[in-house]
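Enquirer: Can you read through this structure? Questions will come right after.
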Amino acid sequence: ETGVTQTPRHLVMGMTNKKSLKCEQHLGHNAMYWYKQSAKKPLELMFVYSLEERVENNSVPSRFSPECPNSSHLFLHLHTLQPEDSALYLCASSQFLTPATNYGYTFGSGTRLTVV
Amino acid sequence: AQTVTQSQPEMSVQEAETVTLSCTYDTSESDYYLFWYKQPPSRQMILVIRQEAYKQQNATENRFSVNFQKAAKSFSLKISDSQLGDAAMYFCAYKVVSGSRLTFGEGTQLTVNP
């Protein structure tokens, strides 16, 4: 058990579909993050939530819509995606928004998204 | 803006040997943290080792150690007595103390040969 659980593990969707990625943590962490990991590129921070409030949105296209209904759950709603959006989407959490190294980040195992 | 560069896309090492992975970074901050993360085929990002920039002593965790050269902005990872389970993608990452953003390098794929 990793502490941060992401579902589904794999997702194939058409460009006109609507789907959602789910992230769940029961570590008592207050901050949650979405990262995009594309092949041969550094991880890109997409969104940051602290106590259910979005505190950072890094110029992510509106076809990606995050939702944080409570401090344990984070969703990424997807609609009208493009093939270049195919990537591994990683969720992470930390106890505080600016974690000291003693706390750090806990990552999930990601959702492998393929847009066809 | 802060950047992290890993110049070795792939590395290989024989089991029980030592390997060093390179990382350089660019920042104008003086107070920051540096990390090495490991991502095995299970895809979960696992923290290997961390270093506080204000500490001159290099961090060590069992078989893993770093060579932190602050002036040169270099942060290499040394893996001693390599094991088959060390095979993974390794990412160098940076975080300013006051921020929440982790900035990652492109990664180094490490293969361990039996």
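The chains in the structure tokens are called A, B, ... from first to last as shown; in each chain the residues are counted from 1, and the ligands are counted from 1 in the order shown.
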Starting from chain A, keep only residues with some atom at most 12 Å from an atom of chain B, counting only C-alpha atoms, and report them as an MDAnalysis selection string.

Expert: chainID A and resid 1:6 9:10 31:50 55:58 88:112

Enquirer: Near range 18-29 of chain B, counting only C-alpha atoms, which residues have an atom at most 6 Å away, once you skip same-chain residues fewer than 5 positions from it, shown as a compact mmCIF listing (two decimals) with C-alpha atoms, in the first residue's frame?

Expert:
```txt
# COMPACT_ATOMS: atom_id res chain seq x y z
CA GLN B 2 15.07 27.01 -11.60
CA THR B 3 16.15 24.18 -13.87
CA VAL B 4 17.52 20.72 -13.22
CA THR B 5 19.64 18.87 -15.78
CA GLN B 6 20.53 15.21 -15.90
CA LYS B 73 25.55 23.57 -8.48
CA SER B 74 26.18 19.89 -8.80
CA PHE B 75 24.42 17.06 -6.98
CA SER B 76 25.51 13.56 -8.00
CA LEU B 77 24.23 10.27 -6.61
CA LYS B 78 26.56 7.37 -5.90
CA ILE B 79 25.13 3.88 -5.57
CA SER B 80 27.51 1.40 -3.99
CA ASP B 81 27.26 -2.39 -4.17
```

Enquirer: Measure the distance from CA of Tyr94 in chain B to CA of Cys23 in chain A in Å and round it to one decimal.

Expert: 23.8 Å

Enquirer: Using only C-alpha atoms, which residue out of A:Asn70, A:Thr7, A:Met13, A:Phe75 lies closest to Val115 in chain A?

Expert: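 Nearest to Val115 in chain A: A:Met13.
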
Enquirer: Separation of CA of Met11 in chain B and CA of Ala87 in chain B, in Å?

Expert: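 These atoms are spaced 9.9 Å apart.
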